[in-house]
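In what follows, a structure is listed as structure tokens, so that the remarks can point back to it.
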Amino acid sequence: MTRKIIRNGHIVTAVDDYFADILIVDGQIDAIGRNLAAGADTTVIDAVGLLVLPGGVDCHTHMDNTFGDSTTCDSFETGTRSAAFGGTTTIVDFAFQRQGVGVLEAIERARTKGAAGACIDYGFHVIVTGVDAQVLADMQHAIRHEGISSFKMFMAYPGSVMVDDAAIFQAMRMVGQHGGMIALHAENGTIIDLLIKEALAQGHTAPKYHALTRPAIMEGEATHRGIKLAELAQAPVYFVHLSAKEALKHVVEARDLGVPVFAETCPHYLFFDDSVYDSDDFDLARYVMSPPLRSKDSQNALWTALRTDDLQLVSTDHCPFCMKEGHLGRVNQKPLGRNDFSKIPNGVPGVETRMATLYDGGVRSGRISLNRFVELTSTTPAKLFGLFPQKGTIAVGSDADIVLFDPGEEHVITAKNQHGNCDFTLFEGKRVTGKVRQVMLRGELIVDSDRWLGEVGGGRFVFRGESGGW
Ligand code: DUC
Ligand code: ZN
Ligand code: ZN
């Protein structure tokens with residue numbers, strides 16, 4: 001039996017804020033109270049002056065995920081280690097059901113990858129790219145028997161992963177009856193495809209045309225359509241990477257009517273806007289993600305929505321591709337689209353910077369409370385995706401996934417000091433206050449300042465309960 005006490009920390013959950021000790025026995029929180037007794041067999045960790053937070057839960061990452069010809073540059077190992085350094089102890093990544101691969105086979109493949117490389121705990125959503133009776137049956141099986149209760153579907157990328165409205169509706173109708181939830185990438189794919197073709201025909205090949213061909217209004221249209229499909233199907237629906245006020249307004253409207261609609265946004269939409277797309281320079285490929293960065297007005301609306309619970313969580317959509325071809329042996333990265341913006345792999349890193357940037361830019365700047373910060377980064381993702389109360393809080397019986405966070409420590413974010421494989425971060429040179437000091441995964445210290453103490457393969461698959469029911 002292993003016993004640890006975290007002494008005198010400032011414990012913050014989504015609802016509480018108090019000073020106490022935490023007793024951890026065999027990886028779980030056993031007791032919380034003042035002056036807990038430590039036996040000779042108890043390791044004591046001093047947390048005076050530190051915030052004691054539940055480990056971050058990032059429910060949108062892409063480790064070793066392949067899109068078209070490109071594979072994200074983080075493996076399960078490097079990506080989850082990087083997440084740990086950033087204060088995240090659980091991710092929900094993706095299993096990819098594509099042509100010729102069934103849902104259950106996709107899950108099996110993803111689990112094999114996770115088991116070999118994960119440094120933190122993990123689950124999967126399944127990306128569903130086609131619906132038939134077998135797929136629907138397998139999805140139902142996945143919810144009940146595989147611990148996988150959420151499925152991503154794309155309303156964009158025709159000819160590749162896009163599915164039509166009927167497929168989305170059928171999937172929603174089934175998961176709605178069985179405790180699952182569909183997560184939608186909401187952009188109108190056929191219109192975007194047309195705009196891309198027109199731009200290329202005019203010789204517009206620079207990265208900034210990625211943004212110009214994915215208008216906010218088409219995210220709004222798809223979001224509205226997705227909500228209507230979900231209403232008809234009587235199912236909850238989740239919007240990934242919501243970026244535009246044109247989409248947000250439909251989420252707000254539906255939620256005000258009591259429709260179970262949920263949405264995340266990502267740090268890049270909260271800290272960057274479309275003013276970056278100001279030249280034909282290929283270096284702007286670093287800002288190529290989907291949806292693209294939006295207007296300052298949208299950004300302000302996202303911050304407001306985080307406060308008012310119109311947006312429920314902040315995930316990273318960590319989908320890293322290097323700026324330099326061949327970095328750490330990774331090929332088909334951003335330079336793939338040097339002469340054609342539509343070939344630039346879509347995505348940016350972010351798993352390591354989420355907590356620090358949101359603490360600095362959200363809590364310290366007075367935009368969100370400390371409790372709300374925990375809710376957005378840990379508790380709500382855990383609740384919405386069937387991980388709570390094992391994950392997402394500090395409570396007796398929960399896994400001892402705990403972050404000791406120094407609220408006063410300043411540091412400068414730079415790709416050189418990050419622990420993933422990507423050769424850039426959008427936050428390069430940004431000075432932030434608030435730093436992850438120590439991270440525990442099920443009671444084991446895996447990060448101690450700059451030292452990695454965890455184990456490759458030490459992360460466990462988490463069998464999730466129902467999604468969207470909360
Ligand atoms: N959507 C994502 O969620 N991630 C990467 C690319 C995309 O379009
Ligand atoms: Zn997407
Ligand atoms: Zn994504």
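Ordering of the structure tokens sets the chain letters (A, B, ...); residue numbers start at 1 within each chain; ligands are numbered from 1 in the order shown.
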
Proximity of chain A to ligand 2: per-residue shortest pair, 9 Å limit, only C-alpha atoms and all ligand atoms, as a tab-separated table:
residue	atom	partner	partner_atom_place_in_ligand_line	distance
A:Lys152	CA	ligand 2	1 (Zn)	8.3
A:Met153	CA	ligand 2	1 (Zn)	8.4
A:Phe154	CA	ligand 2	1 (Zn)	6.7
A:Met155	CA	ligand 2	1 (Zn)	8.8
A:Ala156	CA	ligand 2	1 (Zn)	8.2
A:Leu184	CA	ligand 2	1 (Zn)	7.4
A:His185	CA	ligand 2	1 (Zn)	4.4
A:Ala186	CA	ligand 2	1 (Zn)	7.6
A:Glu187	CA	ligand 2	1 (Zn)	8.7
A:Val240	CA	ligand 2	1 (Zn)	6.4
A:His241	CA	ligand 2	1 (Zn)	6.7
A:Met289	CA	ligand 2	1 (Zn)	9.0
A:Ser290	CA	ligand 2	1 (Zn)	6.4
A:Pro291	CA	ligand 2	1 (Zn)	7.5
A:Asp317	CA	ligand 2	1 (Zn)	8.0

Neighbours of ligand 3 within 7 Å, counting only C-alpha atoms and all ligand atoms, as a PDB file with N, CA and C atoms, in the first residue's frame?
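As a result, pocket_27.pdb now contains:
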ATOM      1  N   HIS A  60      -9.824  16.794 -26.735  1.00  0.00           N
ATOM      2  CA  HIS A  60      -9.667  16.915 -28.190  1.00  0.00           C
ATOM      3  C   HIS A  60      -8.183  17.012 -28.534  1.00  0.00           C
ATOM      4  N   THR A  61      -7.576  15.846 -28.794  1.00  0.00           N
ATOM      5  CA  THR A  61      -6.166  15.807 -29.209  1.00  0.00           C
ATOM      6  C   THR A  61      -6.013  14.828 -30.372  1.00  0.00           C
ATOM      7  N   HIS A  62      -4.928  15.007 -31.093  1.00  0.00           N
ATOM      8  CA  HIS A  62      -4.630  14.104 -32.218  1.00  0.00           C
ATOM      9  C   HIS A  62      -3.177  13.655 -32.106  1.00  0.00           C
ATOM     10  N   ASP A 317      -7.556  20.811 -29.397  1.00  0.00           N
ATOM     11  CA  ASP A 317      -7.420  20.356 -30.782  1.00  0.00           C
ATOM     12  C   ASP A 317      -5.933  20.292 -31.138  1.00  0.00           C
ATOM     13  N   HIS A 318      -5.169  19.732 -30.203  1.00  0.00           N
ATOM     14  CA  HIS A 318      -3.722  19.561 -30.425  1.00  0.00           C
ATOM     15  C   HIS A 318      -3.532  18.668 -31.647  1.00  0.00           C
ATOM     16  N   CYS A 319      -3.098  19.260 -32.733  1.00  0.00           N
ATOM     17  CA  CYS A 319      -2.988  18.550 -34.011  1.00  0.00           C
ATOM     18  C   CYS A 319      -1.723  19.083 -34.690  1.00  0.00           C
TER      19      CYS A 319
END

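Between A:Ile217 and the residues A:Ile192, A:Cys73, A:Ala137, A:Ile394, the shortest atom-to-atom distance, using only C-alpha atoms, involves A:Ile192.
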
What lies within 9 Å of A:Asp401 using only C-alpha atoms, ignoring chain neighbours under 3 positions off, as JSON, numbers by chain?
{"A": [27, 28, 29, 53, 54, 55, 56, 88, 89, 90, 391, 392, 393, 394, 398, 439, 440, 441, 442, 443, 444]}

Contacts of A:Tyr157 within 8 Å, only C-alpha atoms, excl. fewer than 2 positions in-chain, as a PyMOL selection string:
chain A and resi 154-155+159-162+189-190+193

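Shell of A:Ala95 at 10 Å, with only C-alpha atoms counted and residues fewer than 4 places along the chain excluded, is His62, Asn65, Val103, Leu104, Glu105, Ala106, Ile107, Glu108, Arg109, Ala110, Arg111, Lys113, Gly123, Phe124, His125, Val126, Ile127, Val128, Ile148, Phe151 and Lys152 of chain A.
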
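With only C-alpha atoms taken into account, the protein and nucleic acid residues at most 12 Å from A:Glu221 (excluding it and anything under 2 positions from it in its own chain) are Met155, Ala156, His185, Ala186, Glu187, Asn188, Gly189, Ile191, Ile192, Arg214, Pro215, Ala216, Ile217, Met218, Glu219, Thr223, His224, Arg225, Gly226, Ile227, Lys228, Ala244, Lys245, Glu246, Ala247, Leu248, Lys249, His250 and Val251 of chain A.
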
So that I have them on file, write out the residues from the current selection with N, CA and C atoms, as an mmCIF file, in the first residue's frame.
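Final file, result31.cif:
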data_model
loop_
_atom_site.group_PDB
_atom_site.id
_atom_site.type_symbol
_atom_site.label_atom_id
_atom_site.label_comp_id
_atom_site.auth_asym_id
_atom_site.auth_seq_id
_atom_site.Cartn_x
_atom_site.Cartn_y
_atom_site.Cartn_z
ATOM 1 N N MET A 155 -18.601 17.592 -41.139
ATOM 2 C CA MET A 155 -19.471 18.225 -42.137
ATOM 3 C C MET A 155 -18.605 18.928 -43.192
ATOM 4 N N ALA A 156 -17.313 18.731 -43.099
ATOM 5 C CA ALA A 156 -16.366 19.330 -44.046
ATOM 6 C C ALA A 156 -15.491 18.229 -44.644
ATOM 7 N N HIS A 185 -17.656 18.394 -36.482
ATOM 8 C CA HIS A 185 -16.835 19.423 -37.105
ATOM 9 C C HIS A 185 -17.789 20.160 -38.032
ATOM 10 N N ALA A 186 -18.190 21.361 -37.618
ATOM 11 C CA ALA A 186 -19.264 22.061 -38.324
ATOM 12 C C ALA A 186 -18.706 23.166 -39.228
ATOM 13 N N GLU A 187 -18.509 22.815 -40.471
ATOM 14 C CA GLU A 187 -18.218 23.785 -41.526
ATOM 15 C C GLU A 187 -18.883 23.209 -42.777
ATOM 16 N N ASN A 188 -19.414 24.080 -43.612
ATOM 17 C CA ASN A 188 -20.086 23.601 -44.826
ATOM 18 C C ASN A 188 -19.041 23.196 -45.866
ATOM 19 N N GLY A 189 -18.794 21.880 -45.940
ATOM 20 C CA GLY A 189 -17.688 21.366 -46.744
ATOM 21 C C GLY A 189 -17.800 21.612 -48.237
ATOM 22 N N ILE A 191 -19.384 24.016 -49.911
ATOM 23 C CA ILE A 191 -19.166 25.427 -50.270
ATOM 24 C C ILE A 191 -17.681 25.780 -50.122
ATOM 25 N N ILE A 192 -17.094 25.320 -49.047
ATOM 26 C CA ILE A 192 -15.666 25.595 -48.834
ATOM 27 C C ILE A 192 -14.844 24.999 -49.977
ATOM 28 N N ARG A 214 -12.695 29.723 -45.905
ATOM 29 C CA ARG A 214 -13.494 29.027 -44.878
ATOM 30 C C ARG A 214 -14.247 30.080 -44.066
ATOM 31 N N PRO A 215 -15.231 30.734 -44.677
ATOM 32 C CA PRO A 215 -15.882 31.865 -44.016
ATOM 33 C C PRO A 215 -16.661 31.475 -42.757
ATOM 34 N N ALA A 216 -16.677 32.383 -41.820
ATOM 35 C CA ALA A 216 -17.369 32.152 -40.541
ATOM 36 C C ALA A 216 -18.842 31.821 -40.761
ATOM 37 N N ILE A 217 -19.431 32.451 -41.752
ATOM 38 C CA ILE A 217 -20.866 32.226 -41.982
ATOM 39 C C ILE A 217 -21.155 30.754 -42.328
ATOM 40 N N MET A 218 -20.172 30.084 -42.921
ATOM 41 C CA MET A 218 -20.359 28.664 -43.261
ATOM 42 C C MET A 218 -20.142 27.757 -42.045
ATOM 43 N N GLU A 219 -19.443 28.256 -41.048
ATOM 44 C CA GLU A 219 -19.415 27.533 -39.763
ATOM 45 C C GLU A 219 -20.769 27.730 -39.072
ATOM 46 N N THR A 223 -23.338 24.744 -38.096
ATOM 47 C CA THR A 223 -23.688 24.600 -36.675
ATOM 48 C C THR A 223 -25.206 24.587 -36.520
ATOM 49 N N HIS A 224 -25.858 25.496 -37.203
ATOM 50 C CA HIS A 224 -27.330 25.543 -37.148
ATOM 51 C C HIS A 224 -27.922 24.222 -37.643
ATOM 52 N N ARG A 225 -27.393 23.744 -38.772
ATOM 53 C CA ARG A 225 -27.884 22.488 -39.355
ATOM 54 C C ARG A 225 -27.664 21.323 -38.376
ATOM 55 N N GLY A 226 -26.486 21.294 -37.782
ATOM 56 C CA GLY A 226 -26.176 20.226 -36.819
ATOM 57 C C GLY A 226 -27.138 20.231 -35.639
ATOM 58 N N ILE A 227 -27.476 21.417 -35.187
ATOM 59 C CA ILE A 227 -28.404 21.515 -34.046
ATOM 60 C C ILE A 227 -29.785 20.993 -34.447
ATOM 61 N N LYS A 228 -30.215 21.361 -35.639
ATOM 62 C CA LYS A 228 -31.548 20.911 -36.090
ATOM 63 C C LYS A 228 -31.577 19.391 -36.255
ATOM 64 N N ALA A 244 -16.381 30.834 -34.258
ATOM 65 C CA ALA A 244 -16.970 32.057 -34.801
ATOM 66 C C ALA A 244 -18.246 32.460 -34.068
ATOM 67 N N LYS A 245 -18.432 33.766 -33.948
ATOM 68 C CA LYS A 245 -19.673 34.239 -33.303
ATOM 69 C C LYS A 245 -20.896 33.833 -34.125
ATOM 70 N N GLU A 246 -20.715 33.643 -35.426
ATOM 71 C CA GLU A 246 -21.821 33.207 -36.291
ATOM 72 C C GLU A 246 -22.276 31.794 -35.936
ATOM 73 N N ALA A 247 -21.385 30.990 -35.391
ATOM 74 C CA ALA A 247 -21.754 29.645 -34.926
ATOM 75 C C ALA A 247 -22.259 29.710 -33.484
ATOM 76 N N LEU A 248 -21.582 30.508 -32.694
ATOM 77 C CA LEU A 248 -21.925 30.603 -31.277
ATOM 78 C C LEU A 248 -23.380 31.017 -31.081
ATOM 79 N N LYS A 249 -23.852 31.934 -31.917
ATOM 80 C CA LYS A 249 -25.216 32.448 -31.694
ATOM 81 C C LYS A 249 -26.252 31.321 -31.797
ATOM 82 N N HIS A 250 -26.003 30.337 -32.627
ATOM 83 C CA HIS A 250 -26.953 29.217 -32.737
ATOM 84 C C HIS A 250 -26.887 28.317 -31.497
ATOM 85 N N VAL A 251 -25.668 28.166 -30.967
ATOM 86 C CA VAL A 251 -25.520 27.374 -29.741
ATOM 87 C C VAL A 251 -26.256 28.072 -28.593
#

Those of stretch 341-447 of chain A in DSSP strand (DSSP E or B), formatted as a VMD selection string:
chain A and resid 348 399 402 to 412 431 to 441 444 to 447

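Considering the residues A:Ala285, A:Cys266, A:Val276, A:Leu426 and counting only C-alpha atoms, A:Pro349 has its shortest atom-to-atom contact with A:Leu426.
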
Which residues of stretch 320-343 of chain A have any atom within 12 Å of an atom in stretch 410-422 of chain A when counting only C-alpha atoms, and what is the closest pair of atoms for each, with the distance in Å to one decimal? Order the rows by chain and rising number and write it as CSV.
residue,atom,partner,partner_atom,distance
A:Pro320,CA,A:Cys422,CA,6.1
A:Phe321,CA,A:Cys422,CA,6.4
A:Cys322,CA,A:Cys422,CA,5.3
A:Met323,CA,A:Cys422,CA,8.1
A:Lys324,CA,A:Cys422,CA,9.3
A:Glu325,CA,A:Cys422,CA,11.0
A:Gly326,CA,A:Cys422,CA,11.1
A:His327,CA,A:Cys422,CA,8.1
A:Leu328,CA,A:Asn421,CA,7.2
A:Gly329,CA,A:Asn421,CA,10.0
A:Arg330,CA,A:Asn421,CA,9.1
A:Gln333,CA,A:Cys422,CA,10.2
A:Lys334,CA,A:Cys422,CA,11.1

Take the residues from that selection and write them out as a PDB file, in the first residue's frame, keeping N, CA, C and O atoms.
ATOM      1  N   PRO A 320      -0.570  18.695 -34.153  1.00  0.00           N
ATOM      2  CA  PRO A 320       0.663  19.386 -34.524  1.00  0.00           C
ATOM      3  C   PRO A 320       1.303  18.863 -35.808  1.00  0.00           C
ATOM      4  O   PRO A 320       1.437  17.659 -36.017  1.00  0.00           O
ATOM      5  N   PHE A 321       1.673  19.801 -36.663  1.00  0.00           N
ATOM      6  CA  PHE A 321       2.482  19.516 -37.853  1.00  0.00           C
ATOM      7  C   PHE A 321       3.626  20.511 -37.841  1.00  0.00           C
ATOM      8  O   PHE A 321       3.421  21.689 -37.542  1.00  0.00           O
ATOM      9  N   CYS A 322       4.825  20.047 -38.184  1.00  0.00           N
ATOM     10  CA  CYS A 322       6.003  20.926 -38.089  1.00  0.00           C
ATOM     11  C   CYS A 322       6.060  21.934 -39.234  1.00  0.00           C
ATOM     12  O   CYS A 322       5.592  21.665 -40.338  1.00  0.00           O
ATOM     13  N   MET A 323       6.679  23.055 -38.955  1.00  0.00           N
ATOM     14  CA  MET A 323       6.907  24.066 -40.003  1.00  0.00           C
ATOM     15  C   MET A 323       8.068  23.651 -40.889  1.00  0.00           C
ATOM     16  O   MET A 323       8.145  24.037 -42.049  1.00  0.00           O
ATOM     17  N   LYS A 324       9.007  22.904 -40.310  1.00  0.00           N
ATOM     18  CA  LYS A 324      10.184  22.515 -41.085  1.00  0.00           C
ATOM     19  C   LYS A 324      10.021  21.046 -41.499  1.00  0.00           C
ATOM     20  O   LYS A 324       9.849  20.168 -40.640  1.00  0.00           O
ATOM     21  N   GLU A 325      10.083  20.826 -42.800  1.00  0.00           N
ATOM     22  CA  GLU A 325       9.988  19.450 -43.299  1.00  0.00           C
ATOM     23  C   GLU A 325      11.199  18.657 -42.794  1.00  0.00           C
ATOM     24  O   GLU A 325      12.325  19.153 -42.811  1.00  0.00           O
ATOM     25  N   GLY A 326      10.949  17.461 -42.285  1.00  0.00           N
ATOM     26  CA  GLY A 326      12.063  16.622 -41.834  1.00  0.00           C
ATOM     27  C   GLY A 326      12.431  16.812 -40.379  1.00  0.00           C
ATOM     28  O   GLY A 326      13.275  16.083 -39.860  1.00  0.00           O
ATOM     29  N   HIS A 327      11.807  17.771 -39.685  1.00  0.00           N
ATOM     30  CA  HIS A 327      12.115  17.959 -38.266  1.00  0.00           C
ATOM     31  C   HIS A 327      11.832  16.655 -37.512  1.00  0.00           C
ATOM     32  O   HIS A 327      10.733  16.093 -37.609  1.00  0.00           O
ATOM     33  N   LEU A 328      12.831  16.183 -36.791  1.00  0.00           N
ATOM     34  CA  LEU A 328      12.743  14.901 -36.069  1.00  0.00           C
ATOM     35  C   LEU A 328      12.242  13.760 -36.962  1.00  0.00           C
ATOM     36  O   LEU A 328      11.525  12.862 -36.526  1.00  0.00           O
ATOM     37  N   GLY A 329      12.594  13.878 -38.238  1.00  0.00           N
ATOM     38  CA  GLY A 329      12.250  12.806 -39.172  1.00  0.00           C
ATOM     39  C   GLY A 329      10.826  12.850 -39.695  1.00  0.00           C
ATOM     40  O   GLY A 329      10.405  11.972 -40.450  1.00  0.00           O
ATOM     41  N   ARG A 330      10.061  13.872 -39.293  1.00  0.00           N
ATOM     42  CA  ARG A 330       8.657  13.930 -39.738  1.00  0.00           C
ATOM     43  C   ARG A 330       8.571  14.563 -41.130  1.00  0.00           C
ATOM     44  O   ARG A 330       9.125  15.638 -41.353  1.00  0.00           O
ATOM     45  N   GLN A 333       4.772  17.552 -43.713  1.00  0.00           N
ATOM     46  CA  GLN A 333       4.289  18.470 -42.695  1.00  0.00           C
ATOM     47  C   GLN A 333       3.825  19.764 -43.382  1.00  0.00           C
ATOM     48  O   GLN A 333       3.415  19.716 -44.537  1.00  0.00           O
ATOM     49  N   LYS A 334       3.884  20.892 -42.728  1.00  0.00           N
ATOM     50  CA  LYS A 334       3.313  22.121 -43.307  1.00  0.00           C
ATOM     51  C   LYS A 334       3.851  22.440 -44.712  1.00  0.00           C
ATOM     52  O   LYS A 334       3.086  22.890 -45.572  1.00  0.00           O
TER      53      LYS A 334
END

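One finds atom CA of A:Asp297 at 10.4 Å from atom CA of A:Asp274.
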
Run DSSP on the backbone and give me the residues of stretch 261-353 of chain A it puts in alpha helix (DSSP H), as a PyMOL selection string.
chain A and resi 267-271+296-308

Go ahead and write the residues just picked, all heavy atoms, as a short mmCIF file (atom, residue, chain, number, x, y, z; two decimals), in the first residue's frame.
data_model
loop_
_atom_site.label_atom_id
_atom_site.label_comp_id
_atom_site.auth_asym_id
_atom_site.auth_seq_id
_atom_site.Cartn_x
_atom_site.Cartn_y
_atom_site.Cartn_z
N PRO A 267 -7.69 27.34 -27.21
CA PRO A 267 -6.88 28.51 -26.88
C PRO A 267 -6.50 29.35 -28.10
O PRO A 267 -6.46 30.59 -27.99
CB PRO A 267 -5.64 27.90 -26.22
CG PRO A 267 -6.14 26.63 -25.62
CD PRO A 267 -7.17 26.11 -26.58
N HIS A 268 -6.25 28.73 -29.26
CA HIS A 268 -5.82 29.57 -30.39
C HIS A 268 -6.89 30.57 -30.80
O HIS A 268 -6.59 31.65 -31.25
CB HIS A 268 -5.32 28.75 -31.59
CG HIS A 268 -6.05 27.49 -31.88
ND1 HIS A 268 -5.74 26.29 -31.29
CD2 HIS A 268 -7.07 27.21 -32.73
CE1 HIS A 268 -6.54 25.35 -31.76
NE2 HIS A 268 -7.35 25.88 -32.64
N TYR A 269 -8.17 30.21 -30.62
CA TYR A 269 -9.23 31.17 -30.97
C TYR A 269 -9.39 32.25 -29.89
O TYR A 269 -9.93 33.31 -30.17
CB TYR A 269 -10.57 30.44 -31.16
CG TYR A 269 -10.49 29.36 -32.21
CD1 TYR A 269 -10.77 28.04 -31.89
CD2 TYR A 269 -10.11 29.66 -33.52
CE1 TYR A 269 -10.67 27.03 -32.85
CE2 TYR A 269 -10.01 28.66 -34.48
CZ TYR A 269 -10.29 27.35 -34.13
OH TYR A 269 -10.19 26.36 -35.08
N LEU A 270 -8.93 31.94 -28.70
CA LEU A 270 -9.06 32.91 -27.60
C LEU A 270 -7.91 33.91 -27.58
O LEU A 270 -8.05 34.99 -27.02
CB LEU A 270 -9.09 32.16 -26.26
CG LEU A 270 -10.30 31.25 -26.03
CD1 LEU A 270 -10.10 30.36 -24.82
CD2 LEU A 270 -11.57 32.10 -25.88
N PHE A 271 -6.78 33.54 -28.17
CA PHE A 271 -5.59 34.40 -28.05
C PHE A 271 -5.09 34.95 -29.39
O PHE A 271 -4.19 35.79 -29.40
CB PHE A 271 -4.47 33.65 -27.34
CG PHE A 271 -4.80 33.36 -25.90
CD1 PHE A 271 -5.15 32.08 -25.49
CD2 PHE A 271 -4.81 34.39 -24.95
CE1 PHE A 271 -5.47 31.82 -24.17
CE2 PHE A 271 -5.13 34.14 -23.62
CZ PHE A 271 -5.46 32.84 -23.23
N LYS A 296 -11.77 39.68 -34.29
CA LYS A 296 -11.66 40.09 -32.89
C LYS A 296 -13.05 40.04 -32.22
O LYS A 296 -13.17 39.69 -31.05
CB LYS A 296 -11.10 41.52 -32.86
CG LYS A 296 -10.51 41.93 -31.55
CD LYS A 296 -9.13 41.31 -31.33
CE LYS A 296 -8.70 41.48 -29.90
NZ LYS A 296 -7.67 40.53 -29.49
N ASP A 297 -14.07 40.39 -32.96
CA ASP A 297 -15.44 40.33 -32.43
C ASP A 297 -15.79 38.90 -32.00
O ASP A 297 -16.40 38.67 -30.96
CB ASP A 297 -16.46 40.71 -33.52
CG ASP A 297 -16.67 42.19 -33.58
OD1 ASP A 297 -16.04 42.91 -32.78
OD2 ASP A 297 -17.46 42.62 -34.44
N SER A 298 -15.43 37.95 -32.86
CA SER A 298 -15.69 36.55 -32.49
C SER A 298 -14.92 36.19 -31.24
O SER A 298 -15.44 35.54 -30.33
CB SER A 298 -15.28 35.61 -33.63
OG SER A 298 -16.32 35.51 -34.58
N GLN A 299 -13.66 36.61 -31.21
CA GLN A 299 -12.85 36.27 -30.04
C GLN A 299 -13.48 36.81 -28.75
O GLN A 299 -13.57 36.09 -27.75
CB GLN A 299 -11.45 36.85 -30.22
CG GLN A 299 -10.49 36.38 -29.18
CD GLN A 299 -9.15 37.04 -29.36
OE1 GLN A 299 -8.93 38.16 -28.93
NE2 GLN A 299 -8.24 36.37 -30.05
N ASN A 300 -13.92 38.05 -28.80
CA ASN A 300 -14.56 38.62 -27.61
C ASN A 300 -15.82 37.84 -27.23
O ASN A 300 -16.09 37.61 -26.05
CB ASN A 300 -14.91 40.10 -27.84
CG ASN A 300 -13.65 40.96 -27.92
OD1 ASN A 300 -12.62 40.60 -27.34
ND2 ASN A 300 -13.72 42.07 -28.64
N ALA A 301 -16.57 37.42 -28.24
CA ALA A 301 -17.80 36.66 -27.98
C ALA A 301 -17.47 35.31 -27.33
O ALA A 301 -18.20 34.83 -26.45
CB ALA A 301 -18.57 36.46 -29.28
N LEU A 302 -16.37 34.70 -27.74
CA LEU A 302 -15.98 33.41 -27.14
C LEU A 302 -15.66 33.58 -25.66
O LEU A 302 -16.06 32.77 -24.81
CB LEU A 302 -14.77 32.82 -27.86
CG LEU A 302 -14.93 32.46 -29.35
CD1 LEU A 302 -13.62 31.90 -29.89
CD2 LEU A 302 -16.05 31.45 -29.57
N TRP A 303 -14.92 34.63 -25.34
CA TRP A 303 -14.57 34.87 -23.93
C TRP A 303 -15.84 35.08 -23.10
O TRP A 303 -15.98 34.54 -22.00
CB TRP A 303 -13.64 36.09 -23.79
CG TRP A 303 -12.20 35.77 -24.04
CD1 TRP A 303 -11.42 36.17 -25.10
CD2 TRP A 303 -11.33 34.98 -23.19
NE1 TRP A 303 -10.14 35.68 -24.96
CE2 TRP A 303 -10.05 34.97 -23.81
CE3 TRP A 303 -11.50 34.31 -21.97
CZ2 TRP A 303 -8.96 34.30 -23.26
CZ3 TRP A 303 -10.40 33.64 -21.42
CH2 TRP A 303 -9.16 33.64 -22.06
N THR A 304 -16.76 35.86 -23.64
CA THR A 304 -18.02 36.09 -22.91
C THR A 304 -18.74 34.76 -22.71
O THR A 304 -19.25 34.46 -21.61
CB THR A 304 -18.93 37.07 -23.69
OG1 THR A 304 -18.19 38.27 -23.89
CG2 THR A 304 -20.22 37.36 -22.95
N ALA A 305 -18.78 33.96 -23.75
CA ALA A 305 -19.50 32.67 -23.69
C ALA A 305 -18.87 31.71 -22.68
O ALA A 305 -19.57 30.89 -22.08
CB ALA A 305 -19.55 32.04 -25.08
N LEU A 306 -17.57 31.81 -22.49
CA LEU A 306 -16.93 30.96 -21.47
C LEU A 306 -17.44 31.35 -20.08
O LEU A 306 -17.59 30.50 -19.20
CB LEU A 306 -15.41 31.09 -21.52
CG LEU A 306 -14.70 30.46 -22.72
CD1 LEU A 306 -13.20 30.70 -22.64
CD2 LEU A 306 -14.97 28.95 -22.81
N ARG A 307 -17.67 32.64 -19.90
CA ARG A 307 -18.17 33.10 -18.60
C ARG A 307 -19.62 32.70 -18.38
O ARG A 307 -20.03 32.34 -17.29
CB ARG A 307 -18.09 34.63 -18.52
CG ARG A 307 -16.79 35.17 -17.98
CD ARG A 307 -16.96 36.56 -17.40
NE ARG A 307 -17.51 37.51 -18.34
CZ ARG A 307 -16.82 38.08 -19.31
NH1 ARG A 307 -15.55 37.79 -19.46
NH2 ARG A 307 -17.38 38.95 -20.12
N THR A 308 -20.41 32.79 -19.45
CA THR A 308 -21.86 32.59 -19.29
C THR A 308 -22.28 31.13 -19.49
O THR A 308 -23.47 30.84 -19.50
CB THR A 308 -22.61 33.46 -20.32
OG1 THR A 308 -22.12 33.13 -21.64
CG2 THR A 308 -22.39 34.95 -20.07
#

Skipping near chain neighbours, those fewer than 4 positions away, what residues fall within 8 Å of stretch 37-41 of chain A using only C-alpha atoms, listed as a PyMOL selection string?
chain A and resi 2-3+5

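Using only C-alpha atoms and all ligand atoms for every distance, the candidate list A:Thr316, A:Gln177, A:Ser378, A:Ser365 yields A:Thr316 as the residue closest to ligand 1.
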
Selected residue of minimal separation from A:Glu352 among A:Ile91, A:Leu313, A:Ala47, A:Met172, counting only C-alpha atoms
A:Ile91
